[in-house]
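What follows is the content of structure_32.cif, which has mmCIF, C-alpha atoms, pLDDT in the B column; chains and numbers go by the auth columns:
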```cif
data_entry
loop_
_atom_site.group_PDB
_atom_site.id
_atom_site.type_symbol
_atom_site.label_atom_id
_atom_site.label_comp_id
_atom_site.label_asym_id
_atom_site.label_seq_id
_atom_site.Cartn_x
_atom_site.Cartn_y
_atom_site.Cartn_z
_atom_site.B_iso_or_equiv
_atom_site.auth_seq_id
_atom_site.auth_asym_id
ATOM 1 C CA MET A 1 0.000 0.000 0.000 80.00 1 A
ATOM 2 C CA LYS A 2 1.272 3.459 -0.832 89.00 2 A
ATOM 3 C CA ILE A 3 0.107 7.058 -0.923 94.00 3 A
ATOM 4 C CA ILE A 4 -0.112 8.880 -4.247 96.00 4 A
ATOM 5 C CA TYR A 5 -0.107 12.655 -3.861 97.00 5 A
ATOM 6 C CA LYS A 6 -1.740 15.116 -6.198 97.00 6 A
ATOM 7 C CA ILE A 7 -0.875 18.767 -5.490 96.00 7 A
ATOM 8 C CA CYS A 8 -3.859 21.005 -6.198 95.00 8 A
ATOM 9 C CA ASP A 9 -4.503 24.711 -6.488 95.00 9 A
ATOM 10 C CA ILE A 10 -6.403 24.856 -3.180 95.00 10 A
ATOM 11 C CA PRO A 11 -5.676 26.540 0.181 96.00 11 A
ATOM 12 C CA GLY A 12 -2.199 25.461 1.267 96.00 12 A
ATOM 13 C CA LEU A 13 -3.157 23.305 4.253 97.00 13 A
ATOM 14 C CA SER A 14 -6.199 21.586 2.738 98.00 14 A
ATOM 15 C CA TRP A 15 -6.217 17.884 1.943 98.00 15 A
ATOM 16 C CA LEU A 16 -8.583 15.121 0.853 98.00 16 A
ATOM 17 C CA ALA A 17 -7.919 11.371 0.954 97.00 17 A
ATOM 18 C CA GLU A 18 -9.718 9.028 -1.451 96.00 18 A
ATOM 19 C CA LEU A 19 -9.791 5.309 -0.638 95.00 19 A
ATOM 20 C CA THR A 20 -11.426 2.558 -2.686 94.00 20 A
ATOM 21 C CA ILE A 21 -12.357 -0.895 -1.387 89.00 21 A
ATOM 22 C CA ASN A 22 -9.428 -3.347 -1.345 81.00 22 A
ATOM 23 C CA HIS A 23 -7.241 -0.399 -2.264 76.00 23 A
ATOM 24 C CA GLU A 24 -3.532 -0.771 -2.924 81.00 24 A
ATOM 25 C CA ASP A 25 -3.045 2.956 -3.446 90.00 25 A
ATOM 26 C CA ILE A 26 -4.479 5.858 -1.499 94.00 26 A
ATOM 27 C CA ILE A 27 -4.902 9.060 -3.473 96.00 27 A
ATOM 28 C CA VAL A 28 -4.415 12.224 -1.423 97.00 28 A
ATOM 29 C CA TYR A 29 -5.113 15.638 -2.896 98.00 29 A
ATOM 30 C CA VAL A 30 -3.085 18.277 -1.060 98.00 30 A
ATOM 31 C CA GLY A 31 -2.407 21.984 -0.925 97.00 31 A
ATOM 32 C CA LYS A 32 1.191 23.142 -1.328 96.00 32 A
ATOM 33 C CA ASN A 33 1.890 23.474 2.421 96.00 33 A
ATOM 34 C CA VAL A 34 0.858 19.960 3.463 97.00 34 A
ATOM 35 C CA GLU A 35 3.969 18.037 4.555 96.00 35 A
ATOM 36 C CA CYS A 36 4.120 14.762 2.625 95.00 36 A
ATOM 37 C CA ASN A 37 6.358 11.695 2.479 93.00 37 A
ATOM 38 C CA LYS A 38 5.924 7.979 1.733 92.00 38 A
ATOM 39 C CA GLN A 39 4.535 7.192 5.173 91.00 39 A
ATOM 40 C CA ARG A 40 2.464 10.206 6.123 94.00 40 A
ATOM 41 C CA PHE A 41 0.901 13.528 5.257 96.00 41 A
ATOM 42 C CA VAL A 42 0.435 16.286 7.840 96.00 42 A
ATOM 43 C CA SER A 43 -1.327 19.632 7.772 97.00 43 A
ATOM 44 C CA GLY A 44 -0.065 21.662 10.725 96.00 44 A
ATOM 45 C CA VAL A 45 2.242 21.198 13.714 96.00 45 A
ATOM 46 C CA TRP A 46 2.503 18.955 16.775 95.00 46 A
ATOM 47 C CA ASP A 47 4.557 18.541 19.953 93.00 47 A
ATOM 48 C CA GLY A 48 7.089 16.087 18.562 91.00 48 A
ATOM 49 C CA ASP A 49 10.125 15.819 16.324 92.00 49 A
ATOM 50 C CA PHE A 50 9.278 16.684 12.735 92.00 50 A
ATOM 51 C CA ASP A 51 11.156 13.581 11.499 85.00 51 A
ATOM 52 C CA ASN A 52 9.142 11.257 13.738 77.00 52 A
ATOM 53 C CA SER A 53 6.208 9.620 11.923 68.00 53 A
ATOM 54 C CA ASP A 54 4.560 8.621 15.214 77.00 54 A
ATOM 55 C CA ILE A 55 2.181 11.595 15.194 88.00 55 A
ATOM 56 C CA ILE A 56 -0.678 9.363 16.333 87.00 56 A
ATOM 57 C CA SER A 57 0.666 9.287 19.884 84.00 57 A
ATOM 58 C CA ALA A 58 1.474 13.007 20.051 88.00 58 A
ATOM 59 C CA GLN A 59 0.385 14.621 23.320 89.00 59 A
ATOM 60 C CA PHE A 60 -1.018 17.621 21.483 92.00 60 A
ATOM 61 C CA ALA A 61 -1.509 17.840 17.725 94.00 61 A
ATOM 62 C CA CYS A 62 -2.436 21.134 16.082 94.00 62 A
ATOM 63 C CA CYS A 63 -2.701 19.246 12.813 96.00 63 A
ATOM 64 C CA SER A 64 -4.560 16.599 10.858 97.00 64 A
ATOM 65 C CA GLY A 65 -3.485 14.057 8.280 97.00 65 A
ATOM 66 C CA GLY A 66 -2.764 10.371 7.833 96.00 66 A
ATOM 67 C CA VAL A 67 -0.121 7.728 8.606 94.00 67 A
ATOM 68 C CA LEU A 68 0.248 4.368 6.853 92.00 68 A
ATOM 69 C CA SER A 69 0.179 1.206 8.947 83.00 69 A
ATOM 70 C CA LYS A 70 0.313 -2.533 8.272 79.00 70 A
ATOM 71 C CA GLU A 71 -3.478 -2.731 8.536 78.00 71 A
ATOM 72 C CA GLY A 72 -4.221 0.280 6.308 85.00 72 A
ATOM 73 C CA ILE A 73 -4.113 3.948 7.179 92.00 73 A
ATOM 74 C CA THR A 74 -4.807 5.947 10.316 94.00 74 A
ATOM 75 C CA ILE A 75 -6.356 9.364 9.768 96.00 75 A
ATOM 76 C CA PHE A 76 -6.004 11.707 12.741 96.00 76 A
ATOM 77 C CA THR A 77 -7.798 14.852 13.847 96.00 77 A
ATOM 78 C CA PRO A 78 -6.324 17.699 15.904 95.00 78 A
ATOM 79 C CA SER A 79 -6.170 17.316 19.698 93.00 79 A
ATOM 80 C CA HIS A 80 -8.984 19.792 20.266 89.00 80 A
ATOM 81 C CA LEU A 81 -12.665 20.176 19.388 87.00 81 A
ATOM 82 C CA GLN A 82 -12.418 23.372 17.360 87.00 82 A
ATOM 83 C CA GLU A 83 -11.774 21.566 14.073 91.00 83 A
ATOM 84 C CA SER A 84 -13.427 18.559 12.448 94.00 84 A
ATOM 85 C CA LEU A 85 -12.676 16.144 9.653 97.00 85 A
ATOM 86 C CA TYR A 86 -15.490 15.313 7.235 98.00 86 A
ATOM 87 C CA SER A 87 -16.145 12.044 5.418 97.00 87 A
ATOM 88 C CA ILE A 88 -18.555 10.620 2.866 97.00 88 A
ATOM 89 C CA LYS A 89 -18.861 7.035 1.624 94.00 89 A
ATOM 90 C CA LEU A 90 -20.152 6.550 -1.917 94.00 90 A
ATOM 91 C CA LYS A 91 -20.516 2.929 -3.068 88.00 91 A
ATOM 92 C CA ASN A 92 -16.964 1.516 -2.962 91.00 92 A
ATOM 93 C CA THR A 93 -15.137 4.769 -2.251 95.00 93 A
ATOM 94 C CA PHE A 94 -14.478 6.582 1.027 96.00 94 A
ATOM 95 C CA TYR A 95 -13.586 10.281 1.022 97.00 95 A
ATOM 96 C CA ILE A 96 -12.288 12.211 4.022 98.00 96 A
ATOM 97 C CA SER A 97 -11.008 15.775 4.216 98.00 97 A
ATOM 98 C CA ASN A 98 -10.177 18.617 6.590 98.00 98 A
ATOM 99 C CA SER A 99 -12.218 20.935 4.343 97.00 99 A
ATOM 100 C CA LEU A 100 -15.973 20.532 3.995 97.00 100 A
ATOM 101 C CA ALA A 101 -16.003 22.812 0.948 96.00 101 A
ATOM 102 C CA PHE A 102 -13.305 20.754 -0.793 97.00 102 A
ATOM 103 C CA LEU A 103 -15.064 17.485 0.055 98.00 103 A
ATOM 104 C CA LEU A 104 -18.383 18.663 -1.385 98.00 104 A
ATOM 105 C CA ALA A 105 -16.753 20.089 -4.508 97.00 105 A
ATOM 106 C CA HIS A 106 -14.740 16.902 -5.099 97.00 106 A
ATOM 107 C CA THR A 107 -17.711 14.543 -4.677 97.00 107 A
ATOM 108 C CA GLU A 108 -20.113 16.921 -6.468 97.00 108 A
ATOM 109 C CA LEU A 109 -22.529 16.725 -3.546 97.00 109 A
ATOM 110 C CA GLU A 110 -24.432 19.639 -2.014 97.00 110 A
ATOM 111 C CA LEU A 111 -25.790 20.844 1.295 97.00 111 A
ATOM 112 C CA ASP A 112 -29.541 20.495 1.679 96.00 112 A
ATOM 113 C CA GLU A 113 -31.061 23.986 1.455 95.00 113 A
ATOM 114 C CA ASN A 114 -34.155 22.685 3.261 95.00 114 A
ATOM 115 C CA TYR A 115 -32.177 21.526 6.315 95.00 115 A
ATOM 116 C CA TYR A 116 -31.861 24.237 8.946 94.00 116 A
ATOM 117 C CA SER A 117 -29.654 22.639 11.620 94.00 117 A
ATOM 118 C CA TYR A 118 -26.202 22.802 10.027 94.00 118 A
ATOM 119 C CA GLU A 119 -24.987 25.481 12.436 93.00 119 A
ATOM 120 C CA TYR A 120 -25.920 23.361 15.438 92.00 120 A
ATOM 121 C CA ASP A 121 -24.582 20.122 13.920 93.00 121 A
ATOM 122 C CA LEU A 122 -21.224 21.562 12.892 92.00 122 A
ATOM 123 C CA CYS A 123 -20.738 23.463 16.169 91.00 123 A
ATOM 124 C CA SER A 124 -22.257 20.855 18.499 91.00 124 A
ATOM 125 C CA ALA A 125 -18.884 19.832 19.952 87.00 125 A
ATOM 126 C CA LEU A 126 -18.790 23.221 21.693 84.00 126 A
ATOM 127 C CA PHE A 127 -21.566 21.890 23.944 83.00 127 A
ATOM 128 C CA GLY A 128 -19.425 18.944 25.043 79.00 128 A
ATOM 129 C CA VAL A 129 -18.202 15.647 23.638 75.00 129 A
ATOM 130 C CA LYS A 130 -21.328 13.764 24.745 80.00 130 A
ATOM 131 C CA LYS A 131 -23.647 16.259 23.016 83.00 131 A
ATOM 132 C CA GLN A 132 -21.799 16.474 19.724 89.00 132 A
ATOM 133 C CA ILE A 133 -23.565 15.539 16.502 91.00 133 A
ATOM 134 C CA LYS A 134 -21.526 13.032 14.482 93.00 134 A
ATOM 135 C CA GLN A 135 -23.607 12.898 11.301 95.00 135 A
ATOM 136 C CA THR A 136 -25.647 15.361 9.309 96.00 136 A
ATOM 137 C CA GLN A 137 -27.559 15.176 6.062 96.00 137 A
ATOM 138 C CA LEU A 138 -26.791 16.353 2.560 97.00 138 A
ATOM 139 C CA LYS A 139 -29.002 16.891 -0.448 96.00 139 A
ATOM 140 C CA ASN A 140 -30.628 13.788 -1.963 95.00 140 A
ATOM 141 C CA GLY A 141 -30.258 11.746 1.216 94.00 141 A
ATOM 142 C CA TYR A 142 -26.459 11.484 1.377 96.00 142 A
ATOM 143 C CA ILE A 143 -24.860 11.408 4.824 96.00 143 A
ATOM 144 C CA LEU A 144 -21.923 13.507 6.006 97.00 144 A
ATOM 145 C CA THR A 145 -19.922 12.168 8.980 97.00 145 A
ATOM 146 C CA LEU A 146 -17.988 14.450 11.326 96.00 146 A
ATOM 147 C CA HIS A 147 -14.856 13.251 13.118 96.00 147 A
ATOM 148 C CA ARG A 148 -13.443 15.110 16.131 94.00 148 A
ATOM 149 C CA TYR A 149 -10.728 14.423 18.713 92.00 149 A
ATOM 150 C CA CYS A 150 -9.983 10.923 17.476 93.00 150 A
ATOM 151 C CA ASN A 151 -7.798 8.646 15.381 94.00 151 A
ATOM 152 C CA ILE A 152 -9.577 6.800 12.566 95.00 152 A
ATOM 153 C CA ASN A 153 -8.197 3.389 11.601 93.00 153 A
ATOM 154 C CA ILE A 154 -9.387 2.427 8.102 92.00 154 A
ATOM 155 C CA ASP A 155 -8.861 -1.073 6.679 88.00 155 A
ATOM 156 C CA ALA A 156 -8.870 -2.365 3.089 85.00 156 A
ATOM 157 C CA ASN A 157 -12.640 -2.965 3.193 87.00 157 A
ATOM 158 C CA LEU A 158 -13.233 0.681 4.156 89.00 158 A
ATOM 159 C CA ASN A 159 -14.342 -0.319 7.640 89.00 159 A
ATOM 160 C CA TYR A 160 -13.107 2.118 10.233 92.00 160 A
ATOM 161 C CA ILE A 161 -12.810 2.372 13.984 93.00 161 A
ATOM 162 C CA GLU A 162 -12.490 5.635 15.875 93.00 162 A
ATOM 163 C CA THR A 163 -10.313 5.725 18.982 92.00 163 A
ATOM 164 C CA THR A 164 -10.326 8.701 21.327 88.00 164 A
ATOM 165 C CA LYS A 165 -7.031 10.529 21.612 88.00 165 A
ATOM 166 C CA SER A 166 -4.997 10.059 24.785 82.00 166 A
ATOM 167 C CA GLN A 167 -5.595 12.693 27.435 84.00 167 A
ATOM 168 C CA MET A 168 -3.000 14.337 29.620 87.00 168 A
ATOM 169 C CA LYS A 169 -3.243 14.100 33.401 91.00 169 A
ATOM 170 C CA PHE A 170 -1.959 16.658 35.877 95.00 170 A
ATOM 171 C CA ASP A 171 -0.876 16.175 39.481 96.00 171 A
ATOM 172 C CA ASP A 172 -1.259 19.805 40.514 97.00 172 A
ATOM 173 C CA TYR A 173 -1.067 23.343 39.132 95.00 173 A
ATOM 174 C CA GLU A 174 2.734 23.324 38.914 96.00 174 A
ATOM 175 C CA ASP A 175 2.643 20.085 36.928 96.00 175 A
ATOM 176 C CA TYR A 176 -0.033 21.584 34.649 94.00 176 A
ATOM 177 C CA TYR A 177 2.000 24.750 34.074 94.00 177 A
ATOM 178 C CA ASN A 178 5.243 22.875 33.342 94.00 178 A
ATOM 179 C CA LYS A 179 3.551 20.500 30.891 94.00 179 A
ATOM 180 C CA VAL A 180 1.864 23.356 29.013 93.00 180 A
ATOM 181 C CA ILE A 181 5.162 25.258 28.693 94.00 181 A
ATOM 182 C CA ASN A 182 6.962 22.112 27.546 94.00 182 A
ATOM 183 C CA ILE A 183 4.300 21.375 24.916 94.00 183 A
ATOM 184 C CA LEU A 184 4.485 24.953 23.637 94.00 184 A
ATOM 185 C CA ARG A 185 8.274 24.668 23.301 95.00 185 A
ATOM 186 C CA LEU A 186 7.977 21.372 21.422 94.00 186 A
ATOM 187 C CA ILE A 187 5.306 22.776 19.092 94.00 187 A
ATOM 188 C CA HIS A 188 7.497 25.801 18.368 95.00 188 A
ATOM 189 C CA LYS A 189 10.482 23.544 17.637 94.00 189 A
ATOM 190 C CA ASN A 190 8.329 21.463 15.279 95.00 190 A
ATOM 191 C CA ALA A 191 6.861 24.536 13.572 95.00 191 A
ATOM 192 C CA THR A 192 10.296 26.031 12.873 94.00 192 A
ATOM 193 C CA SER A 193 12.082 22.831 11.848 95.00 193 A
ATOM 194 C CA PRO A 194 14.475 23.525 8.930 94.00 194 A
ATOM 195 C CA LYS A 195 13.302 20.243 7.387 93.00 195 A
ATOM 196 C CA ARG A 196 9.830 21.671 6.791 94.00 196 A
ATOM 197 C CA LYS A 197 8.965 22.998 3.364 91.00 197 A
ATOM 198 C CA TYR A 198 6.861 25.648 5.117 91.00 198 A
ATOM 199 C CA ARG A 199 7.838 27.000 8.534 94.00 199 A
ATOM 200 C CA TYR A 200 5.679 28.978 10.955 94.00 200 A
ATOM 201 C CA GLY A 201 6.353 31.983 13.169 92.00 201 A
ATOM 202 C CA MET A 202 4.535 32.880 16.379 93.00 202 A
ATOM 203 C CA ILE A 203 1.803 35.397 17.091 95.00 203 A
ATOM 204 C CA SER A 204 -0.695 35.629 19.936 94.00 204 A
ATOM 205 C CA THR A 205 -3.935 37.507 20.528 94.00 205 A
ATOM 206 C CA ILE A 206 -4.545 39.944 23.365 94.00 206 A
ATOM 207 C CA SER A 207 -7.601 41.679 24.786 94.00 207 A
ATOM 208 C CA GLN A 208 -9.007 43.132 28.017 93.00 208 A
ATOM 209 C CA GLY A 209 -10.151 39.698 29.138 91.00 209 A
ATOM 210 C CA TYR A 210 -8.268 36.978 31.013 92.00 210 A
ATOM 211 C CA ASP A 211 -7.666 34.145 28.549 92.00 211 A
ATOM 212 C CA ALA A 212 -5.837 36.049 25.804 93.00 212 A
ATOM 213 C CA PRO A 213 -3.355 37.881 28.114 94.00 213 A
ATOM 214 C CA ALA A 214 -2.687 34.659 30.043 93.00 214 A
ATOM 215 C CA THR A 215 -1.947 32.811 26.806 92.00 215 A
ATOM 216 C CA SER A 216 0.284 35.657 25.626 94.00 216 A
ATOM 217 C CA VAL A 217 2.289 35.455 28.860 93.00 217 A
ATOM 218 C CA LEU A 218 2.833 31.726 28.331 93.00 218 A
ATOM 219 C CA VAL A 219 4.041 32.050 24.740 93.00 219 A
ATOM 220 C CA LYS A 220 6.241 35.028 25.682 91.00 220 A
ATOM 221 C CA ASN A 221 8.256 32.508 27.704 87.00 221 A
ATOM 222 C CA ILE A 222 9.176 30.722 24.475 90.00 222 A
ATOM 223 C CA GLY A 223 10.029 33.830 22.461 90.00 223 A
ATOM 224 C CA CYS A 224 6.747 35.177 21.093 92.00 224 A
ATOM 225 C CA ASN A 225 6.857 38.988 21.206 91.00 225 A
ATOM 226 C CA GLU A 226 4.124 39.812 18.722 94.00 226 A
ATOM 227 C CA VAL A 227 0.393 40.023 19.398 95.00 227 A
ATOM 228 C CA ILE A 228 -2.707 41.124 17.556 95.00 228 A
ATOM 229 C CA THR A 229 -5.735 42.878 19.047 95.00 229 A
ATOM 230 C CA PHE A 230 -8.974 44.347 17.729 92.00 230 A
ATOM 231 C CA ASN A 231 -10.614 47.730 18.215 90.00 231 A
ATOM 232 C CA ARG A 232 -12.991 47.614 15.249 90.00 232 A
ATOM 233 C CA PRO A 233 -15.942 47.264 14.696 90.00 233 A
ATOM 234 C CA LYS A 234 -16.943 49.746 17.383 87.00 234 A
ATOM 235 C CA HIS A 235 -18.148 47.171 19.910 85.00 235 A
ATOM 236 C CA TYR A 236 -14.573 45.771 20.100 85.00 236 A
ATOM 237 C CA ALA A 237 -13.095 49.139 21.134 87.00 237 A
ATOM 238 C CA SER A 238 -13.572 48.508 24.867 91.00 238 A
ATOM 239 C CA ASP A 239 -11.852 45.115 24.558 92.00 239 A
ATOM 240 C CA CYS A 240 -8.711 46.369 22.797 94.00 240 A
ATOM 241 C CA GLY A 241 -5.600 44.949 24.491 93.00 241 A
ATOM 242 C CA THR A 242 -3.014 47.510 23.320 93.00 242 A
ATOM 243 C CA GLU A 243 -2.166 48.792 26.815 92.00 243 A
ATOM 244 C CA ILE A 244 -1.798 45.281 28.236 93.00 244 A
ATOM 245 C CA ALA A 245 0.472 44.369 25.313 92.00 245 A
ATOM 246 C CA LYS A 246 2.687 47.393 26.030 92.00 246 A
ATOM 247 C CA LYS A 247 3.056 46.344 29.691 89.00 247 A
ATOM 248 C CA LEU A 248 3.941 42.798 28.702 88.00 248 A
#
```

Render the structure in this file as structure tokens.
Amino acid sequence: MKIIYKICDIPGLSWLAELTINHEDIIVYVGKNVECNKQRFVSGVWDGDFDNSDIISAQFACCSGGVLSKEGITIFTPSHLQESLYSIKLKNTFYISNSLAFLLAHTELELDENYYSYEYDLCSALFGVKKQIKQTQLKNGYILTLHRYCNINIDANLNYIETTKSQMKFDDYEDYYNKVINILRLIHKNATSPKRKYRYGMISTISQGYDAPATSVLVKNIGCNEVITFNRPKHYASDCGTEIAKKL
């Protein structure tokens, strides 16, 4: 089994994998910034060595993609609930992508204009893992499956099993703080690896609230000295974090 890549004129980190039943080859359509080799394709960064193909066991993955195995291929989602993967099965072919728009365009399927719950379905993970919607409908009765916070093991018969990603445990606040800082350092090292074809810098957000300044303090410890804040439209003016940024 091998991966055949087709570079497309699509957003740089988009990808779509196409698997047929009893497949020997897996076709993966990728944007120019997806990191590809014979064993894996990755869109994004993670807290591990860039050369290491064992992304599946990463503590925290800000990426999605796939890794070949003896049994088939494992597709993985990011280690958070803010981003989904989307899949559709049509007869003997299984399609999965990190872009819903790309998936629909590639399969020539459409959203159902008479279905009014897409916003809830696609955002349902924000209400908790147990309340998330895992499938939604498309036009003409087709089904769209959503995959979040999991690894998806797909065999030659297109059967797949989802396994929940491993979760970190913390002994106390100091342990929590040290692990977060260590993960941030590892992600930064991965993102700036000279072996990448596309490397990433660092930028944080800042506001008058708590979360953004706290995050900015953490990433400042690993060398991030640039932030972005908003004072427009008008209702954002009172939340502008310029003065906090200057103090930091």

Quiz item: Selected by the PyMOL selection byres ((chain A and resi 120-133) around 8) in the shown coordinates: which residues, as a PyMOL selection string?
Solution: chain A and resi 81-82+117-119+134-136+146

Practice problem: Using the chain letters and residue numbers of this document, give as a PyMOL selection string the residues selected by the PyMOL selection byres ((chain A and resi 224-228) around 7). | Solution: chain A and resi 202-206+219-220+222-223+229

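Nearest-residue note for Tyr160 in chain A: choosing from A:Ser64, A:Ser238, A:Asn37, A:Thr74, the minimum distance belongs to A:Thr74, counting all atoms listed in the file.
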
Given the file shown, determine the residues that the PyMOL selection byres ((chain A and resi 163) around 8) selects; report them as a compact mmCIF listing (two decimals) with C-alpha atoms, in the coordinates of the input.
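So selection-v9.txt came out as:
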```txt
# COMPACT_ATOMS: atom_id res chain seq x y z
CA CYS A 150 -9.98 10.92 17.48
CA ASN A 151 -7.80 8.65 15.38
CA ILE A 152 -9.58 6.80 12.57
CA ILE A 161 -12.81 2.37 13.98
CA GLU A 162 -12.49 5.64 15.88
CA THR A 164 -10.33 8.70 21.33
CA LYS A 165 -7.03 10.53 21.61
```

Exercise. Kindly give the distance, in Å, that separates CA of Cys63 in chain A and CA of Tyr142 in chain A, rounded to a single decimal.
Key: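 These two atoms are separated by 27.5 Å.
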
Quiz prompt | Counting all atoms listed in the file, the option among A:Lys197, A:Lys2, A:Lys139, A:His235 closest to Lys70 in chain A | solution =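 Using all atoms listed in the file, Lys70 in chain A sits closest to A:Lys2.
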
Quiz item: So how many Å separate CA of Pro233 in chain A and CA of Leu248 in chain A, to one decimal?
Solution: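 One can read the CA of Pro233 in chain A to CA of Leu248 in chain A distance as 24.7 Å.
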
Quiz prompt | Å distance separating CA of Asn153 in chain A from CA of Tyr198 in chain A, one decimal place | solution =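 Between CA of Asn153 in chain A and CA of Tyr198 in chain A the gap is 27.6 Å.
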
Practice problem: Please work out which residues fall within 7 Å of (-2.9, 17.4, 16.0), coordinates as given in the file, with all atoms listed in the file counting, and return them as JSON, numbers by chain. | Solution: {"A": [45, 46, 60, 61, 62, 63, 64, 77, 78, 79]}

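The smallest atom-to-atom distance between Lys189 in chain A and any of A:Leu85, A:His147, A:Gly201, A:Ile26, using only C-alpha atoms, is found for A:Gly201.
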
Centre and edge lengths of an axis-aligned box around all listed atoms of range 90-105 of chain A, with 3 Å added on each side, are to be given in Å to one decimal, as AutoDock Vina command-line options.
```
--center_x -15.3 --center_y 12.2 --center_z 1.0 --size_x 16.3 --size_y 27.3 --size_z 17.1
```

Practice problem: Tell me, as a VMD selection string, which residues lie within 7 Å of range 175-184 of chain A, counting only C-alpha atoms; anything in the same chain fewer than 5 positions away does not count. | Solution: chain A and resid 47 170 218

Practice problem: Could you tell me which of A:Phe94, A:Tyr116, A:Phe41, A:Tyr86 comes closest to Ile21 in chain A if we count only C-alpha atoms? | Solution: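 Among A:Phe94, A:Tyr116, A:Phe41, A:Tyr86, it is A:Phe94 that comes nearest to Ile21 in chain A.
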
Quiz item: Residues at most 9 Å from range 15-19 of chain A, counting all atoms listed in the file, excluding those fewer than 2 positions away in the same chain, as an MDAnalysis selection string?
Solution: chainID A and resid 10:13 21:23 25:31 34 41 43 65:66 92:99 102:103 106 156 158

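Counting only C-alpha atoms, Ser193 in chain A has the following residues at most 10 Å away, ignoring those fewer than 6 positions along the same chain: A:Asp49, A:Phe50, A:Asp51, A:Ile187, A:Arg199, A:Tyr200.
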
Quiz item: Given the choices A:Cys36, A:Leu186, A:Val217, A:Ile73, which gets closest to Gly48 in chain A if the distance is worked out from only C-alpha atoms?
Solution: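 Once distances to Gly48 in chain A are computed over only C-alpha atoms, the minimum belongs to A:Leu186.
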